[in-house]
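Here's the structure, in structure tokens; my notes come after.
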Amino acid sequence: MVVSKKTELKEGDVLLKLEDVHMFFGKVCALSGVNLEIRKGEIHSVIGPNGAGKTVMMNIINGLYRPQRGEVFYKGEKINHLKPYKRSELGISRTFQKVEVFGGLSVLDNIRLGRHIHYRSGIFSGSCYLGKTKKEEIEHRKFIEEEIIDLLEIEHIRHKPTGMLPYGLQKRVELGRALAMEPELLILDEPLAGLNLEEVEDMARFILDINEEERWKVTCLLVEHDMGVVMDLSDRVLVLNFGNTITDDTPEAVQKNQDVVNAYLGEEDLYSTRR
Amino acid sequence: MSSTFLPCGKYHEKYSQDHSWWQTTFIKGKMIALFAVVLILIPNVANDYWLSIFNILGYTILGALGVQLLIGYCGQLTLGHGAFIAIGAYISSTLLVAFPWPQSFHDMGIAYPISIVIACIASGFWSVLFGLPSARVKGFYLILTTMAAHFITYKFILEQCAVSFTEKGNNFSIPYNHTKLGPWLVDSISDVYYLMIIFVVISTVILANLIRSRVGRAWIAIRDNDISAEVMGINIVKYKLLAFFVAGFIAGLAGVLVVINAHMFNIEYFEWFLSLWLVGIILIGGVGSIHGVIFGSIFMVIVMELLQTGVDYLSYDIPELLQQYQWHYLAAKLTNLSTAFNYIRESVFGLLICVFLIFEPHGMAYRWQQIKNYFNLWPFSY
Ligand SMILES: Nc1ncnc2c1ncn2[C@@H]1O[C@H](COP(=O)(O)OP(=O)(O)O)[C@@H](O)[C@H]1O
Ligand SMILES: [Mg+2]
């Protein structure tokens, strides 16, 4: 069973589905029976206290972890057995909670690496660097400059080694790298954590652009603690607590949900918006 | 490429300019001058002794290129690279002298190129074989599996088995009229020099091109962060093994040169110290840089040569002088120095590594970059 990249979905069709996913680390139960449906075109957020299992869920979606029980479907087909690099070929891309950029490479090269699956040259054409490779390097450079670097406003640092940049810019480069893949589903694991107010506003704007602009229309799965941003941006919000789903609903309904209020009672300061 | 600043007032107008190696006319001129020196000046001026030093430099560069690819670009620590040089040397020479080629193959100069190609492919796959554990283990553990490569190759295959493979065994000379590449009989030391230049230039160009295109970026991504590399769509096992193959292939070329420079195959050259030596070269030259390979190799080969000359002088020329003045005791002491040279070599090597790690931890290539940038920006350093 091969999932074809070309399967076209309409807006609102289920793009990714988790069915009864369980994940244990020894005796620790990180996820117990989580269900999730992400529809094409939406921003679907996941919230929950630290250790709720949000990152584990993201790792299961892009294949870094294998769930002990439960199914992962992408465009209606089971992808449990696929390795992470195969899933990226299907159009799943992500950023990490702690930035995981390629520190020794320039910003440009980081973004080029995000396009790895779109480059074609191999060991022979690459070693000659003529015709095909040369042409493709220029085409992709054009794409990166015009689509990614422009969008994320990182013109001034394109040749800088990424490891030397301040944290906020590294997060932005990581977003650029994930976006360069031209994914259909973009997983954003706490993209705002550790940013200052101005950077938070920029980043929130980028996420909205990526989701809404005709050019991109990327479905986003967003893990975030900043309630203000989550409630503003999301089409749906899933609330996790110790590996259990509390609710999965529209932002308005979630805010009114008594269980959520209970779970977060006394933690307002932690989860209140920064704005 | 982009890590070098352009002189003030110069800008690129096309992406292709920013992607090219030699970005200004000045640099192009400099490279042409370098080629003129290497291809015309050196072979005409240098004597056979110096040419053979250049040949040693050549295969040192080739060996170190492979180590640089594995350690510096792909992050796969290896301490067994000498094994793949040995396999290249052994297979190319054994095939040439022990395989029953028809005489016409020797006459037309086909036997030698075929042996070379087979040897390089074989050492490429031999390297992949010992790279397989890299799919599972990282860092320190990989050092051990690659060291195993060396001991299996040297102690088991070359020392024990090679004797029974062919009657030539593991210590034999290469007949002079056999090393024919098509119409070109690679015979004199200057022929070997040209062959060495061809191998070094081709390998360097290939590696440099790979590094700036898709495959090389995948290698560097694996080095910097293998988890996000995999998430970005890189099949990391495939690319690691590809790195081992390319490194092994280039090591095979180095092995071919080792043999032809001495016109013999001798297993003593491939002691484990060779593997360590190659890693030392990239530490001194600079990890993750092709310039580093070249600087490191030049530095080490020349330092060792000077050391050898110095010790020779002390242990032969000066004792003779002393004999004339009847200072027999001192003369005998000095003569003993020549036997101690092996140890001096290793101690100096260790000492140099320590000195570089303390005072120049980024290696010579980094300093070179700094100096270049300084002059490119001079006199306005902003
Ligand atoms: N690789 C792992 N090994 C063992 N336990 C893990 C691992 N990854 C996550 N966990 C555990 O799973 C739980 C959920 O973690 P995580 O998903 O990172 O939380 P968060 O919702 O803050 O992202 C935590 O209790 C954590 O200790
Ligand atoms: Mg987390």
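For the structure tokens, the naming scheme is as follows: chains receive sequential letters (A, B, ...) according to their order of presentation, residues are indexed from 1 within each chain, and ligands are indexed from 1 in presentation order.
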
>> Taking the DSSP secondary structure from the backbone, can you list the residues of stretch 50-213 of chain A that are strand (DSSP E or B), as a ChimeraX atom specification?
In response: /A:69-74,77-78,92-95,106,161,185-189

Under the rule of at most 7 Å, produce a per-residue listing of chain B near chain A: chain, number, name, the closest pair of atoms, and the distance in Å, as CSV, using only C-alpha atoms.
```
residue,atom,partner,partner_atom,distance
B:Ser2,CA,A:His159,CA,6.6
B:Tyr15,CA,A:Ile138,CA,6.2
B:Ser16,CA,A:Ile138,CA,6.4
B:Ile206,CA,A:Ser127,CA,4.5
B:Leu207,CA,A:Ser127,CA,6.7
B:Asn209,CA,A:Ser127,CA,5.0
B:Leu210,CA,A:Ser127,CA,4.9
B:Ser213,CA,A:Gly126,CA,5.9
B:Arg214,CA,A:Ser121,CA,6.5
B:Val215,CA,A:Gly122,CA,6.4
B:Arg217,CA,A:Leu113,CA,6.8
B:Ala221,CA,A:Phe102,CA,6.0
B:Asp224,CA,A:Phe102,CA,5.2
B:Asn225,CA,A:Phe102,CA,6.0
B:Ser228,CA,A:Glu100,CA,6.4
B:Glu230,CA,A:Tyr85,CA,5.2
B:Val231,CA,A:Pro84,CA,5.3
B:Met232,CA,A:Gly114,CA,5.6
B:Gly233,CA,A:Tyr85,CA,3.9
B:Ile234,CA,A:Tyr85,CA,5.6
B:Asn235,CA,A:Tyr85,CA,5.9
```

Written file, previous selection with C-alpha atoms, as a PDB file, in the first residue's frame:
```
ATOM      1  CA  SER B   2      30.116  32.476   0.916  1.00  0.00           C
ATOM      2  CA  TYR B  15      22.768  33.508  -8.147  1.00  0.00           C
ATOM      3  CA  SER B  16      25.153  31.521 -10.305  1.00  0.00           C
ATOM      4  CA  ILE B 206      34.340  15.725  -7.002  1.00  0.00           C
ATOM      5  CA  LEU B 207      34.261  16.172  -3.264  1.00  0.00           C
ATOM      6  CA  ASN B 209      31.148  19.684  -5.925  1.00  0.00           C
ATOM      7  CA  LEU B 210      29.330  17.123  -3.854  1.00  0.00           C
ATOM      8  CA  SER B 213      25.066  20.142  -3.892  1.00  0.00           C
ATOM      9  CA  ARG B 214      22.330  17.866  -2.599  1.00  0.00           C
ATOM     10  CA  VAL B 215      24.372  14.871  -1.474  1.00  0.00           C
ATOM     11  CA  ARG B 217      24.327  18.963   2.187  1.00  0.00           C
ATOM     12  CA  ALA B 221      22.903  17.699   7.896  1.00  0.00           C
ATOM     13  CA  ASP B 224      24.913  18.522  12.549  1.00  0.00           C
ATOM     14  CA  ASN B 225      21.618  16.962  13.567  1.00  0.00           C
ATOM     15  CA  SER B 228      16.079  16.759  11.955  1.00  0.00           C
ATOM     16  CA  GLU B 230      15.682  12.459   8.847  1.00  0.00           C
ATOM     17  CA  VAL B 231      12.593  14.579   9.408  1.00  0.00           C
ATOM     18  CA  MET B 232      13.607  16.776   6.463  1.00  0.00           C
ATOM     19  CA  GLY B 233      13.414  13.757   4.197  1.00  0.00           C
ATOM     20  CA  ILE B 234      16.989  12.481   4.231  1.00  0.00           C
ATOM     21  CA  ASN B 235      17.419   8.728   4.231  1.00  0.00           C
TER      22      ASN B 235
END
```

>> At a cut-off of 9 Å and counting only C-alpha atoms and all ligand atoms, what residues surround ligand 1? Please answer as a VMD selection string.
In response: chain A and resid 23 to 26 28 to 31 46 to 59 65 97 189 to 190 223 240 to 243

Can I get the selection written as a short mmCIF file (atom, residue, chain, number, x, y, z; two decimals), in the first residue's frame, with N, CA and C atoms?
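result.cif, written as the output of this step:
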```
data_model
loop_
_atom_site.label_atom_id
_atom_site.label_comp_id
_atom_site.auth_asym_id
_atom_site.auth_seq_id
_atom_site.Cartn_x
_atom_site.Cartn_y
_atom_site.Cartn_z
N MET A 23 0.89 5.24 23.74
CA MET A 23 2.35 5.25 23.72
C MET A 23 2.85 5.14 25.15
N PHE A 24 3.65 4.14 25.40
CA PHE A 24 4.22 3.95 26.74
C PHE A 24 5.73 4.05 26.67
N PHE A 25 6.31 4.65 27.71
CA PHE A 25 7.77 4.55 27.88
C PHE A 25 7.97 3.78 29.17
N GLY A 26 8.27 2.51 29.06
CA GLY A 26 8.31 1.68 30.25
C GLY A 26 6.94 1.69 30.88
N VAL A 28 5.63 4.52 32.08
CA VAL A 28 5.02 5.84 31.90
C VAL A 28 4.09 5.79 30.69
N CYS A 29 2.87 6.19 30.89
CA CYS A 29 1.93 6.22 29.78
C CYS A 29 1.87 7.64 29.25
N ALA A 30 2.51 7.88 28.11
CA ALA A 30 2.56 9.23 27.58
C ALA A 30 1.28 9.60 26.83
N LEU A 31 0.70 8.62 26.16
CA LEU A 31 -0.57 8.84 25.46
C LEU A 31 -1.44 7.62 25.70
N VAL A 46 -3.00 21.96 19.74
CA VAL A 46 -2.99 21.02 20.85
C VAL A 46 -2.45 21.77 22.04
N ILE A 47 -3.24 21.80 23.13
CA ILE A 47 -2.75 22.45 24.34
C ILE A 47 -2.78 21.45 25.48
N GLY A 48 -2.13 21.82 26.55
CA GLY A 48 -2.06 20.94 27.71
C GLY A 48 -0.84 21.27 28.52
N PRO A 49 -0.84 20.93 29.80
CA PRO A 49 0.30 21.27 30.65
C PRO A 49 1.56 20.54 30.22
N ASN A 50 2.70 20.94 30.75
CA ASN A 50 3.96 20.27 30.43
C ASN A 50 3.87 18.80 30.80
N GLY A 51 4.40 17.96 29.92
CA GLY A 51 4.37 16.53 30.19
C GLY A 51 3.05 15.89 29.83
N ALA A 52 2.17 16.63 29.16
CA ALA A 52 0.87 16.07 28.79
C ALA A 52 0.99 15.06 27.66
N GLY A 53 2.08 15.12 26.92
CA GLY A 53 2.26 14.17 25.82
C GLY A 53 2.12 14.82 24.45
N LYS A 54 2.21 16.14 24.41
CA LYS A 54 2.02 16.83 23.13
C LYS A 54 3.17 16.53 22.18
N THR A 55 4.40 16.65 22.68
CA THR A 55 5.55 16.40 21.81
C THR A 55 5.58 14.94 21.37
N VAL A 56 5.22 14.05 22.28
CA VAL A 56 5.17 12.63 21.92
C VAL A 56 4.20 12.42 20.76
N MET A 57 3.07 13.11 20.83
CA MET A 57 2.08 13.00 19.76
C MET A 57 2.65 13.48 18.43
N MET A 58 3.37 14.59 18.47
CA MET A 58 3.97 15.10 17.22
C MET A 58 5.00 14.10 16.68
N ASN A 59 5.78 13.52 17.60
CA ASN A 59 6.79 12.56 17.16
C ASN A 59 6.15 11.32 16.55
N TYR A 65 8.56 8.27 16.72
CA TYR A 65 8.15 7.21 17.64
C TYR A 65 7.13 6.33 16.95
N GLN A 97 10.40 21.61 19.33
CA GLN A 97 10.22 22.44 20.52
C GLN A 97 11.53 23.14 20.89
N ASP A 189 5.81 22.70 16.87
CA ASP A 189 5.87 22.36 18.29
C ASP A 189 6.38 23.56 19.08
N GLU A 190 5.47 24.23 19.73
CA GLU A 190 5.76 25.44 20.52
C GLU A 190 6.62 26.45 19.76
N VAL A 223 1.23 23.25 18.45
CA VAL A 223 1.31 23.02 19.90
C VAL A 223 1.76 24.32 20.52
N LEU A 240 -5.11 18.18 25.93
CA LEU A 240 -4.53 16.94 26.45
C LEU A 240 -4.20 17.13 27.92
N ASN A 241 -4.35 16.08 28.70
CA ASN A 241 -3.87 16.11 30.07
C ASN A 241 -3.41 14.72 30.46
N PHE A 242 -2.15 14.58 30.79
CA PHE A 242 -1.56 13.28 31.13
C PHE A 242 -1.94 12.20 30.13
N GLY A 243 -1.82 12.51 28.88
CA GLY A 243 -2.05 11.50 27.85
C GLY A 243 -3.50 11.23 27.52
#
```

> Neighbours of stretch 10-13 of chain A within 9 Å (only C-alpha atoms; same-chain residues fewer than 2 positions away dropped), as a PyMOL selection string?
Replying inline: chain A and resi 8+15+38-42+75

>> When you count only C-alpha atoms, which of these residues is closest to B:Met108: B:Gly169, B:Gly248, B:Gly182, B:Gly80?
In response: B:Gly182

>> Residues near stretch 63-74 of chain B, anyone? I mean within 6 Å using only C-alpha atoms, not counting same-chain ones fewer than 2 positions away, as number ranges by chain.
In response: B: 60-61, 76-77, 219-220, 223, 247, 251, 254, 278, 287-288, 293

>> For B:Asn47, find every residue with an atom within 12 Å (counting only C-alpha atoms), except residues of its own chain fewer than 6 positions away, and show them as a PyMOL selection string.
In response: chain B and resi 41+53-54+188-190+193

>> Using only C-alpha atoms, which protein or nucleic acid residues come within 10 Å of A:Leu208? Drop anything in the same chain fewer than 5 positions from it, and give the result as number ranges by chain.
In response: A: 43, 202-203, 213, 217-218, 220, 232-234

Could you please take those selected residues and save C-alpha atoms as a short mmCIF file (atom, residue, chain, number, x, y, z; two decimals), in the first residue's frame?
```cif
data_model
loop_
_atom_site.label_atom_id
_atom_site.label_comp_id
_atom_site.auth_asym_id
_atom_site.auth_seq_id
_atom_site.Cartn_x
_atom_site.Cartn_y
_atom_site.Cartn_z
CA ILE A 43 -5.07 25.26 12.08
CA ASP A 202 5.90 38.21 13.92
CA MET A 203 5.75 34.46 14.29
CA GLU A 213 -2.27 32.83 1.78
CA LYS A 217 -2.60 27.06 2.20
CA VAL A 218 -0.69 24.76 4.56
CA CYS A 220 -1.05 23.42 10.56
CA ASP A 232 -7.07 33.60 17.91
CA LEU A 233 -5.48 31.41 15.27
CA SER A 234 -7.02 27.99 15.68
#
```

> Using only C-alpha atoms, which residues sit within 10 Å of B:Trp101 once same-chain residues fewer than 6 positions away are excluded, as a PyMOL selection string?
Replying inline: chain B and resi 95+110-111
